[in-house]
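Heads up: the structure comes next, in structure tokens.
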There are 2 protein chains.
Amino acid sequence: MSDVQIELTYPDGSKHSFPAGTTGAQVAASIGKRLAADALAVKLDNEVLDLARPIHKSGSFSVVTPTSRKGDLNPDGLYCIRHSCAHVMAEAICRLWPETKLVYGPPVDDGFYYDIDLEHKISTEEFAKIEAEMKKIVEEKRPFTRIELSRSEGMKKVLAEGNPYKKENAERAEGTVLSFYVTGPEPGKFWEDLCRGPHVPDTGRIGGFKVMSVAGAYLHGDQSQKQLQRVYGTAFPTQKDLEDHLRRLEDAKKNDHRKLGRELKIYIFDDDVGPGLPLWLPNGAAIIEELERLAKETEAAAGYVRVKTPHICKEKLYQTSGHLPYYADSMFPPMEFEGVKYYLKPMNCPHHHKIFGSELRSYRDLPLRLAEYGTCYRYEQSGELFGLMRVRSMQMNDAHIYCTLDQFEQEFLAVCHMYLGYFKIFGIDKYVMRFSTHGAEGLGKKYVDQPELWKKTEDLVRRALKNGEIPTEEVSNEAAFYGPKIDVQVWSAIGREFTLATNQVDFAVPARFGLTYKAADNSDQTPLCIHRAPLGTHERFIGFLIEHFGGLFPLWLSPVQMRVANITDKQEEAARQAVKQLRAAGFRVEEDLGHGKINAKVADSEAAKIPYLLVIGEREAASGSVAVRGRGRKDLGTLPLAQFIAQSQEAVANRTR
Amino acid sequence: MSDVQIELTYPDGSKHSFPAGTTGAQVAASIGKRLAADALAVKLDNEVLDLARPIHKSGSFSVVTPTSRKGDLNPDGLYCIRHSCAHVMAEAICRLWPETKLVYGPPVDDGFYYDIDLEHKISTEEFAKIEAEMKKIVEEKRPFTRIELSRSEGMKKVLAEGNPYKKENAERAEGTVLSFYVTGPEPGKFWEDLCRGPHVPDTGRIGGFKVMSVAGAYLHGDQSQKQLQRVYGTAFPTQKDLEDHLRRLEDAKKNDHRKLGRELKIYIFDDDVGPGLPLWLPNGAAIIEELERLAKETEAAAGYVRVKTPHICKEKLYQTSGHLPYYADSMFPPMEFEGVKYYLKPMNCPHHHKIFGSELRSYRDLPLRLAEYGTCYRYEQSGELFGLMRVRSMQMNDAHIYCTLDQFEQEFLAVCHMYLGYFKIFGIDKYVMRFSTHGAEGLGKKYVDQPELWKKTEDLVRRALKNGEIPTEEVSNEAAFYGPKIDVQVWSAIGREFTLATNQVDFAVPARFGLTYKAADNSDQTPLCIHRAPLGTHERFIGFLIEHFGGLFPLWLSPVQMRVANITDKQEEAARQAVKQLRAAGFRVEEDLGHGKINAKVADSEAAKIPYLLVIGEREAASGSVAVRGRGRKDLGTLPLAQFIAQSQEAVANRTR
């Protein structure tokens, strides 16, 4: 404590004075008992600090609790819990195998790990033993105590321990002091570790934890160095949070688009074709057709016209657009002939700009909305390819809207609403639109060097979003090269996050292409261009949908919408007739007319996740009806075939989920 | 005449004996008076001979008349007439400009030319003067008389003439004699020319002729040689035939797809994108959408499933298929990275084979029909590119049918009938299916070296064509590398010929890819593969359709199906409402709501070849009706809008022409 005062700004904007040296815990207590009891740490400006750390400077201040006000888990809280749990796990391992040499143990997405150097290979069967030791430590509710030593004293202490990895860590540590954390009230008697922190107040705050896996890892990720063991764990504020997480992991594994994509015969990769180049099987192509139909209907109703452009073009086009040379690493290498380099197109915009520029345009022709499901090719490192999520060929739900300044707001909002309309159709309840603006420091490097146009366009977008009541988060220094953009993040039904699409405003490239229109006053003006792709690429969006629906696609989107099965040979003809009628009514239908038992046919249909199995026995054959089995073995009763057709057509027409 | 007899086989197969030395004219006379009068020449085996030439050997024999039995112009007759007319034109030019040095004058497609060396530049205005001289010669009905001299005597004669070009021609001529043709009954008094023949009996048989154009041409096409004048002309059996031809040329010029493609805003080329790479404007993309809808409907009804494959793949795939190295010249150069060469696909089959091979197939899974509107890229020399007809990017109406031997006939005929069904939809009345078989001499070179499989497959196809009563012409030594094929030739409404598509049987490549299915006896069998593309490529087919319809597309295919115009400002709102209703009913609609006079609006709509202009005046606005103007300024009366919509929807649904 001292006479010097610091001023803390709370999240509500209020300012509060405290003597310098007041701890986070004391500030939390001054706000409320409940908050103080909940507190895991505090955040001063952007630094998370232990509750017990004295605060010596003014700044924006908040208390880190396990969950946010909305009830979501707080990432800063999770960080502290997992960082603390890494210490607990390390202590448990050292108890079990005292010869263990600890290396480094940071929190990561979804948990933490600790790299250790230990002759004995830890097996999955030993996880329970480690967890039992960890449980003891957690139940003791031992405080985490921070000790700061001068660099020389600290190094002396580390050298005395004789662990070469920690010595190296200490040498790499920045700052004038070295900090250690004791898992207990005082140094000497308890386990401790060289560590920057922060940590939760005591081990009792680690509500749920689990050792997840173990794998080999080279020191510093360098294959020429020693191979270590990396033990992964995770931790949560409560046991229930842990269980939810484990369930989600289970779901994600079961619903992984790569697993379902193979099982449901949606796409394959082939070594002779090449990595990152999916071949869409009939089931995948059926989904593609439905998505394109949706896009075409939606875009036609919104006044778009369609174009079709080649997949290659001369180098010059990308020099004009500015993609070359800067974007060359993300492009396939060129094909050279007749003295000219041709590139596979990594995006459709330059081709569309050429179409805009192919005739004289007047303000009366605007907005001109050019749409194309264009396939683009981008080079991704082999190591970065991942199922349908990171690929090299991309069928893009692309369009470019050329408009005047006056038309911008309406056009931009119409695009935002198109996104929201799609979210509704697909049942995407959780999404974030992130408004990315430029950063002044990147002008002329990351960003077109036109500060005034940036300001003007960003203001335009900000005003449009506000007028349209589109909820967005604003992030600076994340814009596209040629203008601000909206990144759309969505969450699948099983909680996985995807960056789906972007909606970009381009005030720069149309001018590079010399695009103009005659304004009402007969002057030549450059149009604004909105780049948009609400359904992203087929690859990423179908990957998302597979996981979102867990393969249980709604009727309209199902590759096979229904399967017809007979009970005995006597109904084979009736079944064939039903298939014929269903196909004529526009459905994608399979037949299962083998000699198999009906139970086996039901099981097959379930495994293939087909929305309806229509069973035809003696009674159904006689009455022109079908016994309808919904997915999940739901008995939906027996219906006249015509009635089933009518209600299914309605479901498809409405794209019912 | 001599005692030696020759035997001539007539087209009906009958054989007839004549003394060696009998002339063609005499044989024709022995068959009938009418035929002898009609005769232009005769054909012995594959050689066309003057009527007056004595025949010294046996062979198949026919009389060449101006028209075939079906009434078509006979190509051999046209050849003789044009060859003869080239002499007549040359004589006329020599009369007008006696200093003319003649070079060479052959018949060509659509006519003939004569290269001449003449200081005076012949102008278009002088064509009438040339034609007047030609007319005199034709009216004189002078016979063509063949003179044969020994090589040495002939050379002496040519040298005496002092024409260096003729000297060179004579030196190049093959055979032991040199022949000359006198345009008259005897040499010396009449114009004559070194010439192999054949010719018509007399100049009077040139019924209609015209000097068409004049252009520069280098001697032997070699730019380092002297520049000559090439005078083009044409000739026909009758004046009416000539006039028909000139009318067709006029039509073709007016309906040229390049001219209409630009005027109707269907596609453009752009220098920065590259030659042979069309960019499809909204009007073109609308046609593409309609064609794809037709193909998808037709193929779905025929039990096809769709797939989607990338536009590139590794070199290895084309080594497996056999395209590399032999087909490399027709492919774009590779893109090389990660030590692998990737190629733009020149066809879709290897990708489809990979999909067939991606899972175990049983005979119960066959036929498997994989369809894709895949875009392929083929390298064509710049000089060979021609509008939409010869391009480098091709959107192909592709499919591959994998079937068993037993299924082949039915599948193959179903494909043939699909072609015929499309011809009906598009009103293609004239077509030829040409069945191309292999030639034994090409085995192991042009053709897969499996003579037995060739025989078996060709027999299969021949039997299928016979059983299906598909009219075809059989041509040997024109097959694809991997099997026999059907080439489909169609004629547009204005008489232009197009090779539209091929239908190929492949008994070789599936085995190269190791494709198999489990037969009923549990053995592994290789499927047959049918390659087919009835609608060809969008590029070539739309090029054809533009010319076929002269831009007057039927309603369902029209890029803009109707335009709505108001008469005065007072009907603007009513017109807008009509547009809205029409769009909601699924039509592609434009509006013309400016202040212009209605006559100007009608003229604009006519120029854009829009099927219907819907005019809304005071009366129509009040009654919810539209005054319908059909293309060609047809007044179709006033209809309630709902009725117009209903009848137009029906026309679209039926794809009425």
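Residues in the structure tokens are numbered from 1 in each chain, the chains being A, B, ... in the order shown, and ligands are numbered from 1 in the order shown.
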Cut-off 6 Å: closest chain A/chain B atom pairs per residue, using only C-alpha atoms, as JSON lines:
{"residue": "A:Asp272", "atom": "CA", "partner": "B:Leu317", "partner_atom": "CA", "distance": 5.7}
{"residue": "A:Val273", "atom": "CA", "partner": "B:Cys313", "partner_atom": "CA", "distance": 4.4}
{"residue": "A:Gly274", "atom": "CA", "partner": "B:Cys313", "partner_atom": "CA", "distance": 5.9}
{"residue": "A:Leu279", "atom": "CA", "partner": "B:Thr309", "partner_atom": "CA", "distance": 4.7}
{"residue": "A:Trp280", "atom": "CA", "partner": "B:Lys308", "partner_atom": "CA", "distance": 4.9}
{"residue": "A:Leu281", "atom": "CA", "partner": "B:Val307", "partner_atom": "CA", "distance": 5.2}
{"residue": "A:Pro282", "atom": "CA", "partner": "B:Val307", "partner_atom": "CA", "distance": 5.0}
{"residue": "A:Ala285", "atom": "CA", "partner": "B:Val307", "partner_atom": "CA", "distance": 5.1}
{"residue": "A:Val305", "atom": "CA", "partner": "B:Pro282", "partner_atom": "CA", "distance": 5.8}
{"residue": "A:Arg306", "atom": "CA", "partner": "B:Pro282", "partner_atom": "CA", "distance": 5.2}
{"residue": "A:Val307", "atom": "CA", "partner": "B:Pro282", "partner_atom": "CA", "distance": 5.0}
{"residue": "A:Lys308", "atom": "CA", "partner": "B:Trp280", "partner_atom": "CA", "distance": 4.9}
{"residue": "A:Thr309", "atom": "CA", "partner": "B:Leu279", "partner_atom": "CA", "distance": 4.7}
{"residue": "A:Cys313", "atom": "CA", "partner": "B:Val273", "partner_atom": "CA", "distance": 4.4}
{"residue": "A:Lys314", "atom": "CA", "partner": "B:Val273", "partner_atom": "CA", "distance": 5.2}
{"residue": "A:Leu317", "atom": "CA", "partner": "B:Asp272", "partner_atom": "CA", "distance": 5.7}
{"residue": "A:Pro333", "atom": "CA", "partner": "B:Met335", "partner_atom": "CA", "distance": 5.7}
{"residue": "A:Met335", "atom": "CA", "partner": "B:Met335", "partner_atom": "CA", "distance": 5.7}
Taking N, CA and C atoms for each residue, export the selection above as an mmCIF file, in the first residue's frame.
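Result went into selection-v5.cif, see below:
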data_model
loop_
_atom_site.group_PDB
_atom_site.id
_atom_site.type_symbol
_atom_site.label_atom_id
_atom_site.label_comp_id
_atom_site.auth_asym_id
_atom_site.auth_seq_id
_atom_site.Cartn_x
_atom_site.Cartn_y
_atom_site.Cartn_z
ATOM 1 N N ASP A 272 -4.270 -40.120 -57.692
ATOM 2 C CA ASP A 272 -3.895 -39.826 -59.077
ATOM 3 C C ASP A 272 -4.478 -38.505 -59.567
ATOM 4 N N VAL A 273 -5.518 -38.034 -58.907
ATOM 5 C CA VAL A 273 -6.082 -36.730 -59.278
ATOM 6 C C VAL A 273 -5.296 -35.647 -58.548
ATOM 7 N N GLY A 274 -5.110 -35.817 -57.252
ATOM 8 C CA GLY A 274 -4.279 -34.878 -56.509
ATOM 9 C C GLY A 274 -4.889 -34.494 -55.182
ATOM 10 N N LEU A 279 -13.396 -35.160 -55.614
ATOM 11 C CA LEU A 279 -14.294 -35.642 -56.677
ATOM 12 C C LEU A 279 -15.636 -35.885 -56.005
ATOM 13 N N TRP A 280 -16.660 -35.252 -56.511
ATOM 14 C CA TRP A 280 -17.979 -35.345 -55.894
ATOM 15 C C TRP A 280 -18.739 -36.522 -56.461
ATOM 16 N N LEU A 281 -19.089 -37.450 -55.587
ATOM 17 C CA LEU A 281 -19.855 -38.624 -55.982
ATOM 18 C C LEU A 281 -21.309 -38.210 -56.215
ATOM 19 N N PRO A 282 -22.122 -39.096 -56.771
ATOM 20 C CA PRO A 282 -23.517 -38.722 -57.058
ATOM 21 C C PRO A 282 -24.227 -38.101 -55.846
ATOM 22 N N ALA A 285 -22.944 -34.587 -55.557
ATOM 23 C CA ALA A 285 -23.397 -33.761 -56.675
ATOM 24 C C ALA A 285 -24.873 -33.392 -56.500
ATOM 25 N N VAL A 305 -28.161 -11.236 -62.375
ATOM 26 C CA VAL A 305 -28.071 -11.987 -63.624
ATOM 27 C C VAL A 305 -26.831 -12.870 -63.534
ATOM 28 N N ARG A 306 -26.845 -13.945 -64.301
ATOM 29 C CA ARG A 306 -25.744 -14.906 -64.211
ATOM 30 C C ARG A 306 -24.780 -14.729 -65.378
ATOM 31 N N VAL A 307 -23.513 -15.064 -65.138
ATOM 32 C CA VAL A 307 -22.512 -15.093 -66.200
ATOM 33 C C VAL A 307 -21.721 -16.393 -66.057
ATOM 34 N N LYS A 308 -20.916 -16.694 -67.065
ATOM 35 C CA LYS A 308 -20.039 -17.873 -66.965
ATOM 36 C C LYS A 308 -18.693 -17.509 -67.558
ATOM 37 N N THR A 309 -17.630 -17.737 -66.805
ATOM 38 C CA THR A 309 -16.309 -17.314 -67.274
ATOM 39 C C THR A 309 -15.336 -18.489 -67.209
ATOM 40 N N CYS A 313 -6.853 -17.482 -67.268
ATOM 41 C CA CYS A 313 -6.688 -16.236 -68.010
ATOM 42 C C CYS A 313 -5.238 -15.840 -67.993
ATOM 43 N N LYS A 314 -4.946 -14.827 -68.798
ATOM 44 C CA LYS A 314 -3.574 -14.364 -68.928
ATOM 45 C C LYS A 314 -3.100 -13.688 -67.638
ATOM 46 N N LEU A 317 -4.196 -10.041 -66.460
ATOM 47 C CA LEU A 317 -5.415 -9.745 -65.719
ATOM 48 C C LEU A 317 -5.113 -9.609 -64.228
ATOM 49 N N PRO A 333 1.048 -22.454 -60.131
ATOM 50 C CA PRO A 333 2.042 -21.893 -61.056
ATOM 51 C C PRO A 333 1.432 -21.769 -62.454
ATOM 52 N N MET A 335 0.816 -21.733 -66.640
ATOM 53 C CA MET A 335 1.083 -22.525 -67.845
ATOM 54 C C MET A 335 1.562 -21.531 -68.882
#
For this session: Give me every helix (DSSP H, G or I) residue in range 76-214 of chain A, going by DSSP on the backbone, as a count of residues only.
Result: 60
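Of the listed residues (A:Pro325, A:Asn599, A:Met562, A:Ser68), A:Met562 comes nearest to Ser648 in chain A; the distances count only C-alpha atoms.
Using only C-alpha atoms for every distance, the candidate list A:Ala653, A:Ala627, A:Ala399, A:Ile567 yields A:Ala399 as the residue closest to Ile530 in chain A.
Among the candidates B:Cys403, B:Cys94, B:Leu385, B:Leu641, the one nearest to Val626 in chain B when counting only C-alpha atoms is B:Leu641.
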Problem set entry | CA of Gly514 in chain B to CA of Gly261 in chain A, distance in Å rounded to a single decimal | 24.5 Å
Seminar exercise, completed: CA of Glu497 in chain B to CA of Val432 in chain B measures 10.3 Å
For this session: With a distance cut-off of 7 Å and only C-alpha atoms, select the neighbouring residues of Ser476 in chain B, excluding the residue or stretch itself and same-chain residues fewer than 6 positions from it, and output the selection as an NGL selection string.
Result: :B and (436-439)
For this session: Considering only C-alpha atoms, state which residue in the set A:Pro201, A:Glu539, A:Ala651, A:Gly322 is at the smallest distance from Pro510 in chain A.
Result: A:Gly322
Exercise. Which parts of range 91-286 of chain B does DSSP call strand (DSSP E or B) when run on the backbone here, written out as a count of residues only?
Worked result: 57
